[in-house]
Every structure is written in C-alpha cells, then in structure tokens.
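Please read the structure below before turning to the comments.
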Amino acid sequence: MTTGHEPPLAQQAPAVLIAALSGRALAACARRGGYRPLVADLFGDLDTQELAEASERVPGSLTRGFTQRALLASLDRLAAGRGVIGIVTGSGFEDRPRLLRSIADRYVLLGNPPDIVAAIKDPFQFAETCASAGVPHPEIRRDRPAEGVWLHKRAGGSGGVHVGVSTRRASVRRGRYYQRRVAGDPVSAAFLAAGGQCRVLGLSRQWADPVPRRPFRYGGASRPAPVTSAQAAEIGDAVARLVSRTGLRGLNSADFLTRADGFDLLEVNPRPGATLDIFTDGQGTLFRLHLDACLGVLPDTSPTWPGSAAAATVYASADIRLPAGFAWPAWTADRQPAGEAVPGGAPLCTVLAEAADSQIAERLVRDRAAEILARAEGAT
C-alpha cells in the first residue's frame, strides 16, 4: 500500500515508463521494487507526483482514453536521457491495440503484446478460447434474445461502468455485445504468466458501488477471498488452462463469479489490475515478479501476503473542489491536487485498510470511504 514512506529514489536504479489512466498504483509498486517510475496518466495526482521521478498529465478521459499523439509525446519527453528499460501499461489500452502497437514500436513493452491484448478483449474470440479450454463462460450474443436476463457490455471496457442491464430486444451499437447474466459472488484471481505456464498469486473478493445507469461500477476489493480450498483449486486450474492457450505474460487478473456448484469466468484483464494495492509485501516483490514473467521466468512458488487488506474507490457524489491545505489521511491514495474540479460521479481518491481478517479490512475501508467523502464535501 502507499503509505507516504516509500524508499528514496536512487539515481542508479533502472528507469521504467508507466502509462495508465491512473498510474499511481503502478508507480508505487515500481518504486518499492527499486525502480525509478516515469508516469504518464490522466490525473497527475499528488502522490503520483511524489512517487515518480517525473510525471506528466496527458489529455484524455476515462471513457475515451488517451489522446494518442499527446501520450506518445509525453512518453518521449519522460524517457529522454533517462535510459529507460521499457514501459509497463495499465488500464486504458484494452480497446486500443493500435495505440499499444505505436508504443511498442518506440519502447520495450513490459507486458502483453498488442495482438494478445486484442484477442483477449475480443468478446467472441475470448468465448471461443474459454470453450476450447473447457472453462465455463456466460453465453454472449450480438443481438439480445427475447428470453432471459442479459447484460450489455462494451468490448474492451473496464471498471464496470460500461456494463448495464438490457431490458429490450435490439441490436447494440458497434463495439457492444450482450452477455447472459449469471449468478455468483465476484472473485478475482491475480496471476503471473510466462511461456504458457502460470502462478496464481492470490484471490480477492470484489464489490460494486452502483449508481443509476452504472449498476456495476467498480467499488473495491479485499483479500483473501472467502472461497473454499476446492474452489481456489478449480479457479487456479481454469486460469492455467486459459494461459496455456493464449500466450499471456506478466501480471494479469481474471474475474470470476463463483457459486457452491461451480463458477463462470467473466473476463481476463491482460495487465496489472485494480488489486495492486492489496497484493503487496512492502518490498516491491510484485513489480519484480511482473518483469521476470515478461522475460519468461516464473517463481518456483507463489509469494504469501501477510494479513488481510482492502482498497476501495471513492466517487464524488456531487461536484467537489478541494481547498489548498486539505488534509489527506495516510490511508488515502490517488489524492487530488488542491483546486482540482472533481465532477459528481468521478473518482475522488482511493482508500486503503489492513487488518487480520478480510471482513474487518473491508468494513474499515468502507468506513474510511464514507469519512473522506464527508470531509471532502464539507471542505468544498
């Protein structure tokens, strides 16, 4: 977790580019691992600036992503004269394989190549891969059938904001599709992949923070997930079968819906995901494991993570503009600069918690989310 007490940057440490809609979690992960992060993202949060050797805020939006020309120019400025070893990309590229190719033409891509990202995030190709691997996956359609309950989704979407419940029979617009709604508890598997093999690092429970028209908006995650050892083994086997057919590499995550009688795999995120903050040992293990896996090397055994942890995204319930000197608690991250306009519904910050038990950690992080939102609204 980001604590405000990250190790000092060493000039002889390797420099690594980071590009993501929000780059703070990756920057913290890289710095703990002994790297000099150079960050290009949408927000330019206070803690991102503190963690990075250098950072730039790039034009774009959460829904449309980056402006390609601006992002490439920003990366070139950040890399100039620093001898970067490559670039790690986070969210914002799942539906932008051409942009990812442009980045890979300039820098060593420390993650999944564009063709693998495109294949994994193509919903129909992914469904075929799941079928060939014998991994349960909800039925998908281009047009909504007359019977049953269906969700409509945007191909390559992330964060749950692109998912809605379909109520009528119609063809969806380009880039969207239908998926049959299935029951289950959300569980995400963080895993490393290399050479067709994988190591599951841990399972987390996820929850939504619903609002009208966005009933599946991402809320947060806690670890470890409350699953049985048999369920964990089945999930690990499903991930292994999928990795053997896809060529995934590095740190990725897979989102499941679990039930007493089985599970469904919803999607794979071919990048370091939203649970970076809760899978950390404070020593930078995760970032080094990611880079090693990108080079084809997996650890002999999965690391262990002490205690339990939780993290949640806090969204502004109304327009917020924080005054100068606003006091951010140590358990917050992704801290907005003073004077920044945060529209209602937009992310305000992330809150973090650690405890001996995942249920306690989750309750604590929810209480902290309510507290910081009340503070921010009261200070506006």
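Residue numbering restarts at 1 in every chain; chains get A, B, ... in the order shown in the structure tokens, and ligands count up from 1 in that same order.
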
Contacts of Tyr178 (chain A) at 10 Å (only C-alpha atoms; same-chain gap of 6+ positions) as JSON, numbers by chain: {"A": [123, 138, 139, 140, 141, 142, 143, 144, 145, 149, 150, 151, 152, 153, 154, 163, 164, 165, 166, 171, 172]}

Leu291 (chain A) environment, 8 Å, only C-alpha atoms, sequence neighbours closer than 2 positions dropped, as a list in words: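 What passes the distance filter is Leu110, Gly111, Gly250, Phe287, Arg288, Leu289, Ala293, Cys294 and Leu295 of chain A.
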
Could the residues in this selection be saved with N, CA and C atoms as a CSV table (one decimal), in the first residue's frame?
```csv
chain,number,residue,atom,x,y,z
A,110,LEU,N,6.8,-4.1,-21.6
A,110,LEU,CA,7.0,-5.0,-20.4
A,110,LEU,C,5.6,-5.4,-20.0
A,111,GLY,N,5.0,-6.3,-20.8
A,111,GLY,CA,3.6,-6.7,-20.6
A,111,GLY,C,3.2,-7.5,-21.9
A,250,GLY,N,3.4,-11.9,-17.9
A,250,GLY,CA,3.4,-10.9,-16.9
A,250,GLY,C,2.3,-11.0,-15.9
A,287,PHE,N,6.2,-6.1,-8.5
A,287,PHE,CA,6.8,-5.5,-9.7
A,287,PHE,C,7.9,-6.3,-10.3
A,288,ARG,N,8.8,-6.8,-9.4
A,288,ARG,CA,9.9,-7.6,-9.9
A,288,ARG,C,9.3,-8.9,-10.5
A,289,LEU,N,8.3,-9.5,-9.9
A,289,LEU,CA,7.7,-10.7,-10.4
A,289,LEU,C,7.1,-10.5,-11.8
A,293,ALA,N,8.4,-12.3,-15.2
A,293,ALA,CA,7.4,-13.1,-16.0
A,293,ALA,C,7.4,-12.6,-17.4
A,294,CYS,N,7.6,-11.3,-17.7
A,294,CYS,CA,7.6,-10.8,-19.0
A,294,CYS,C,8.9,-11.3,-19.8
A,295,LEU,N,9.9,-11.7,-19.0
A,295,LEU,CA,11.1,-12.2,-19.6
A,295,LEU,C,11.1,-13.8,-19.6
```

Looking only at strand (DSSP E) from DSSP on the backbone, list the matching residues of region 49-114 of chain A as a compact mmCIF listing (two decimals) with C-alpha atoms, in the first residue's frame.
```
# COMPACT_ATOMS: atom_id res chain seq x y z
CA ALA A 54 8.98 12.57 -13.31
CA SER A 55 5.35 12.57 -14.37
CA GLU A 56 3.09 14.20 -16.92
CA ARG A 57 -0.65 14.61 -17.15
CA GLY A 60 -7.99 12.27 -22.48
CA SER A 61 -10.88 10.87 -20.47
CA GLY A 65 -8.88 7.00 -23.09
CA PHE A 66 -5.73 8.84 -24.09
CA ILE A 87 7.25 0.56 -20.42
CA VAL A 88 4.56 -1.02 -18.24
CA THR A 89 1.00 -0.21 -19.27
```

Shell of 6 Å around region 347-360 of chain A, only C-alpha atoms, local chain residues under 4 positions omitted, as number ranges by chain: A: 223, 307-316, 331-335, 365

Atomic separation - CA of Arg77 (chain A) relative to CA of Tyr35 (chain A), Å: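 So the two atoms, CA of Tyr35 (chain A) and CA of Arg77 (chain A), lie 18.2 Å apart.
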
Using only C-alpha atoms: which of A:Val297, A:Ala233, A:Ala118, A:Leu242 has the shortest distance to Arg98 (chain A):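 Going through A:Val297, A:Ala233, A:Ala118, A:Leu242 one by one, the smallest distance to Arg98 (chain A) is for A:Ala118.
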
Which residues are close to Arg241 (chain A), i.e. within 6 Å by only C-alpha atoms, leaving aside same-chain residues fewer than 3 positions away? Reply as a short mmCIF file (atom, residue, chain, number, x, y, z; two decimals) with C-alpha atoms, in the first residue's frame.
```
data_model
loop_
_atom_site.label_atom_id
_atom_site.label_comp_id
_atom_site.auth_asym_id
_atom_site.auth_seq_id
_atom_site.Cartn_x
_atom_site.Cartn_y
_atom_site.Cartn_z
CA ALA A 133 -10.12 -24.69 -22.69
CA ALA A 238 -9.14 -22.70 -15.07
CA SER A 244 -1.78 -22.40 -21.93
#
```

DSSP-assigned helix (DSSP H, G or I) among region 20-263 of chain A, expressed as a PyMOL selection string: chain A and resi 24-32+46-51+68-79+97-106+114-121+123-133+229-246

Those same residues, written as a PDB file, in the first residue's frame with C-alpha atoms?
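After the write, out.pdb holds the following:
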```pdb
ATOM      1  CA  ARG A  24      -0.190   5.863  -9.058  1.00  0.00           C
ATOM      2  CA  ALA A  25      -0.550   2.196  -8.017  1.00  0.00           C
ATOM      3  CA  LEU A  26       1.965   1.042 -10.625  1.00  0.00           C
ATOM      4  CA  ALA A  27       4.334   3.859  -9.672  1.00  0.00           C
ATOM      5  CA  ALA A  28       4.193   2.814  -6.003  1.00  0.00           C
ATOM      6  CA  CYS A  29       4.741  -0.809  -6.982  1.00  0.00           C
ATOM      7  CA  ALA A  30       7.729   0.080  -9.163  1.00  0.00           C
ATOM      8  CA  ARG A  31       9.332   2.332  -6.592  1.00  0.00           C
ATOM      9  CA  ARG A  32       9.046  -0.286  -3.845  1.00  0.00           C
ATOM     10  CA  LEU A  46      -0.341  14.417  -5.671  1.00  0.00           C
ATOM     11  CA  ASP A  47       1.002  11.031  -4.620  1.00  0.00           C
ATOM     12  CA  THR A  48       1.792  10.076  -8.214  1.00  0.00           C
ATOM     13  CA  GLN A  49       3.957  13.182  -8.438  1.00  0.00           C
ATOM     14  CA  GLU A  50       5.661  12.271  -5.153  1.00  0.00           C
ATOM     15  CA  LEU A  51       6.303   8.662  -6.151  1.00  0.00           C
ATOM     16  CA  GLN A  68      -2.568   9.168 -28.957  1.00  0.00           C
ATOM     17  CA  ARG A  69      -0.345  11.986 -30.159  1.00  0.00           C
ATOM     18  CA  ALA A  70      -0.257  13.594 -26.714  1.00  0.00           C
ATOM     19  CA  LEU A  71       0.534  10.314 -24.950  1.00  0.00           C
ATOM     20  CA  LEU A  72       3.397   9.402 -27.289  1.00  0.00           C
ATOM     21  CA  ALA A  73       4.855  12.906 -26.969  1.00  0.00           C
ATOM     22  CA  SER A  74       4.615  12.715 -23.192  1.00  0.00           C
ATOM     23  CA  LEU A  75       6.360   9.340 -23.088  1.00  0.00           C
ATOM     24  CA  ASP A  76       9.143  10.632 -25.327  1.00  0.00           C
ATOM     25  CA  ARG A  77       9.721  13.622 -23.039  1.00  0.00           C
ATOM     26  CA  LEU A  78       9.751  11.448 -19.927  1.00  0.00           C
ATOM     27  CA  ALA A  79      12.171   8.940 -21.470  1.00  0.00           C
ATOM     28  CA  PRO A  97      -4.372  -2.158 -29.779  1.00  0.00           C
ATOM     29  CA  ARG A  98      -3.182   0.325 -32.422  1.00  0.00           C
ATOM     30  CA  LEU A  99      -2.035   2.726 -29.724  1.00  0.00           C
ATOM     31  CA  LEU A 100      -0.308  -0.146 -27.938  1.00  0.00           C
ATOM     32  CA  ARG A 101       1.484  -1.050 -31.193  1.00  0.00           C
ATOM     33  CA  SER A 102       2.687   2.544 -31.553  1.00  0.00           C
ATOM     34  CA  ILE A 103       4.091   2.398 -28.034  1.00  0.00           C
ATOM     35  CA  ALA A 104       5.724  -0.989 -28.686  1.00  0.00           C
ATOM     36  CA  ASP A 105       7.413   0.471 -31.790  1.00  0.00           C
ATOM     37  CA  ARG A 106       9.155   3.009 -29.535  1.00  0.00           C
ATOM     38  CA  PRO A 114      -0.952  -5.833 -28.759  1.00  0.00           C
ATOM     39  CA  ASP A 115      -2.145  -8.962 -30.593  1.00  0.00           C
ATOM     40  CA  ILE A 116      -2.646 -10.872 -27.334  1.00  0.00           C
ATOM     41  CA  VAL A 117      -4.467  -7.937 -25.728  1.00  0.00           C
ATOM     42  CA  ALA A 118      -6.730  -7.661 -28.779  1.00  0.00           C
ATOM     43  CA  ALA A 119      -7.509 -11.393 -28.739  1.00  0.00           C
ATOM     44  CA  ILE A 120      -8.247 -11.493 -25.005  1.00  0.00           C
ATOM     45  CA  LYS A 121     -10.511  -8.431 -25.140  1.00  0.00           C
ATOM     46  CA  PRO A 123     -15.509 -10.982 -26.526  1.00  0.00           C
ATOM     47  CA  PHE A 124     -16.263 -13.578 -29.216  1.00  0.00           C
ATOM     48  CA  GLN A 125     -12.678 -14.752 -29.635  1.00  0.00           C
ATOM     49  CA  PHE A 126     -12.365 -14.942 -25.841  1.00  0.00           C
ATOM     50  CA  ALA A 127     -15.552 -17.024 -25.624  1.00  0.00           C
ATOM     51  CA  GLU A 128     -14.121 -19.453 -28.175  1.00  0.00           C
ATOM     52  CA  THR A 129     -10.885 -19.702 -26.177  1.00  0.00           C
ATOM     53  CA  CYS A 130     -12.835 -20.452 -22.994  1.00  0.00           C
ATOM     54  CA  ALA A 131     -14.829 -23.137 -24.808  1.00  0.00           C
ATOM     55  CA  SER A 132     -11.686 -24.798 -26.169  1.00  0.00           C
ATOM     56  CA  ALA A 133     -10.117 -24.694 -22.692  1.00  0.00           C
ATOM     57  CA  SER A 229      -9.743 -24.680  -0.944  1.00  0.00           C
ATOM     58  CA  ALA A 230     -11.611 -26.721  -3.569  1.00  0.00           C
ATOM     59  CA  GLN A 231     -12.947 -23.562  -5.230  1.00  0.00           C
ATOM     60  CA  ALA A 232      -9.481 -21.982  -5.180  1.00  0.00           C
ATOM     61  CA  ALA A 233      -8.036 -25.083  -6.842  1.00  0.00           C
ATOM     62  CA  GLU A 234     -10.732 -25.034  -9.543  1.00  0.00           C
ATOM     63  CA  ILE A 235     -10.086 -21.360 -10.257  1.00  0.00           C
ATOM     64  CA  GLY A 236      -6.343 -21.983 -10.451  1.00  0.00           C
ATOM     65  CA  ASP A 237      -6.893 -24.859 -12.867  1.00  0.00           C
ATOM     66  CA  ALA A 238      -9.137 -22.700 -15.070  1.00  0.00           C
ATOM     67  CA  VAL A 239      -6.518 -19.929 -15.185  1.00  0.00           C
ATOM     68  CA  ALA A 240      -3.803 -22.456 -16.080  1.00  0.00           C
ATOM     69  CA  ARG A 241      -5.857 -23.919 -18.945  1.00  0.00           C
ATOM     70  CA  LEU A 242      -6.583 -20.450 -20.304  1.00  0.00           C
ATOM     71  CA  VAL A 243      -2.954 -19.297 -20.073  1.00  0.00           C
ATOM     72  CA  SER A 244      -1.783 -22.400 -21.927  1.00  0.00           C
ATOM     73  CA  ARG A 245      -3.894 -21.321 -24.920  1.00  0.00           C
ATOM     74  CA  THR A 246      -3.323 -17.565 -25.002  1.00  0.00           C
TER      75      THR A 246
END
```

Spatial neighbours of Val16 (chain A), max dist 7 Å, only C-alpha atoms, sep filter under 5 positions, as a PyMOL selection string: chain A and resi 35-38+84-87

Keeping only C-alpha atoms, write the selected residues as a JSON list (two decimals), in the first residue's frame.
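Writing done, so here's part-v8.json:
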```json
[["chain", "number", "residue", "atom", "x", "y", "z"],
["A", 35, "TYR", "CA", 12.84, 1.28, -9.98],
["A", 36, "ARG", "CA", 12.56, 4.93, -10.99],
["A", 37, "PRO", "CA", 8.99, 5.37, -12.28],
["A", 38, "LEU", "CA", 8.26, 7.84, -15.07],
["A", 84, "VAL", "CA", 14.54, 3.55, -19.71],
["A", 85, "ILE", "CA", 14.39, -0.25, -19.66],
["A", 86, "GLY", "CA", 10.88, -0.30, -21.12],
["A", 87, "ILE", "CA", 7.25, 0.56, -20.42]]
```

One-decimal distance in Å that lies between CA of Leu276 (chain A) and CA of Ala318 (chain A):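 Distance between the two atoms: 27.7 Å.
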